[in-house]
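S.K.: Could you have a look at this structure, given as structure tokens, before my questions?
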Amino acid sequence: MIKAIVTDIEGTTSAIDFVHKTLFPYAAAKLPDFVRANANTPAVKAVLRETAQIANLDTSHTEALIQQLLDWIAEDKKITPLKTIQGLIWEDGYRQGDYQAHMYQDAVTKLKEWHQQGIPLYVYSSGSIHAQKLFFEFSEAGNLLPLFSGHFDTTTGPKKEAASYQAIQQALNIPATDILFLSDIVEELDAASAAGFQTAWIQRDQSLIQKPPHQCLESFSNLDLS
């Protein structure tokens with residue numbers, strides 16, 4: 001019996017293109033001026049300090065730290081300080097109405113249905129928890145944030161490691177076999193399965209499927225929890 005559902009965002013509930021063609025370029029364009037203007041705020045100071053530690057840079061070299069963050073964006077790195085600063089920049093964009101987060105309608109319908117059925121819903125994404133909340137609050141389908149009971153990000157651990165899902169299971173205090181994880185990335189599903197989770201591979205291009213290693217569905221509409 002499924003007692004909780006944990007879902008990825010990018011490529012699962014939402015199109016990858018929105019993140020790669022809208023959010024990432026927006027953050028890259030705004031990041032230098034945003035950091036310079038907010039370098040003395042606690043949130044940005046913490047980002048710069050952590051970036052300096054990871055990249056072995058001097059915390060006083062703001063321009064070098066800005067370039068390091070831009071390099072990480074170009075390399076699509078899943079690094080916590082980058083995800084944090086992106087979330088802060090994206091908040092400005094959402095609140096200014098520069099864009100709304102894309103959602104697949106089948107995902108919206110099923111998430112609402114499961115919520116109404118009393119199934120707790122959680123998000124596990126490489127984007128920061130702050131960015132996740134903004135994504136669902138400012139979605140094309142309206143404010144979906146109330147549907148979710150909690151969020152997990154890279155502070156829990158890498159998404160392709162079983163230990164991360166073990167940590168999620170401990171946080172939820174639900175048997176792993178009663179938790180369903182949804183993702184478009186097979187390696188993430190492998191890790192979740194290794195931790196005892198049930199899994200569903202959301203692969204919207206069925207032509208890419210040969211021998212699916214997990215339950216494989218082209219949309220949320222095809223997912224029957226029974």
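Residues in the structure tokens are numbered from 1 in each chain, the chains being A, B, ... in the order shown, and ligands are numbered from 1 in the order shown.
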Quick one: residues within 8 Å of segment 191-199 of chain A, only C-alpha atoms, excluding same-chain residues fewer than 5 positions away - as number ranges by chain?
M.R.: A: 159-163, 165-166, 176-182, 214-215
S.K.: Any chance you can output those residues with C-alpha atoms as a short mmCIF file (atom, residue, chain, number, x, y, z; two decimals), in the first residue's frame?
M.R.:
data_model
loop_
_atom_site.label_atom_id
_atom_site.label_comp_id
_atom_site.auth_asym_id
_atom_site.auth_seq_id
_atom_site.Cartn_x
_atom_site.Cartn_y
_atom_site.Cartn_z
CA LYS A 159 19.90 11.85 -5.87
CA LYS A 160 21.77 8.90 -7.35
CA GLU A 161 22.82 7.43 -3.98
CA ALA A 162 20.70 5.00 -1.97
CA ALA A 163 21.71 6.65 1.32
CA TYR A 165 16.55 7.78 0.03
CA GLN A 166 17.27 6.01 3.30
CA ALA A 176 10.38 2.20 2.48
CA THR A 177 8.19 -0.34 0.69
CA ASP A 178 5.19 1.96 1.26
CA ILE A 179 6.85 4.96 -0.43
CA LEU A 180 6.62 5.53 -4.19
CA PHE A 181 9.32 7.59 -5.93
CA LEU A 182 8.65 9.16 -9.34
CA HIS A 214 11.38 -0.02 -13.55
CA GLN A 215 7.63 0.33 -13.94
#
S.K.: Taking the chain letters and numbering used in this document, name the residues of segment 26-112 of chain A that DSSP puts in alpha helix (DSSP H), as number ranges by chain.
M.R.: A: 26-38, 42-55, 62-74, 80-95, 105-112
S.K.: In segment 158-206 of chain A, what's strand (DSSP E or B) per DSSP? Answer as a PyMOL selection string?
M.R.: chain A and resi 179-183+198-202
S.K.: Nearest to Gln67 of chain A: which of A:Asp33, A:Asp98, A:Glu187, A:Asp153 is it, counting only C-alpha atoms?
M.R.: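 When distances to Gln67 of chain A are compared using only C-alpha atoms, the smallest one comes from A:Asp33.
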S.K.: Measuring atom to atom with only C-alpha atoms, identify which of A:Asn38, A:Thr22, A:Gln116, A:Thr84 is nearest to Thr51 of chain A.
M.R.: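 Once distances to Thr51 of chain A are computed over only C-alpha atoms, the minimum belongs to A:Thr84.
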S.K.: Using only C-alpha atoms, pick whichever of A:Thr154, A:Ser226, A:Ala39, A:Ala141 has the shortest atom-to-atom distance to His61 of chain A.
M.R.: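 Looking only at the distances to His61 of chain A, the closest residue turns out to be A:Ala39.
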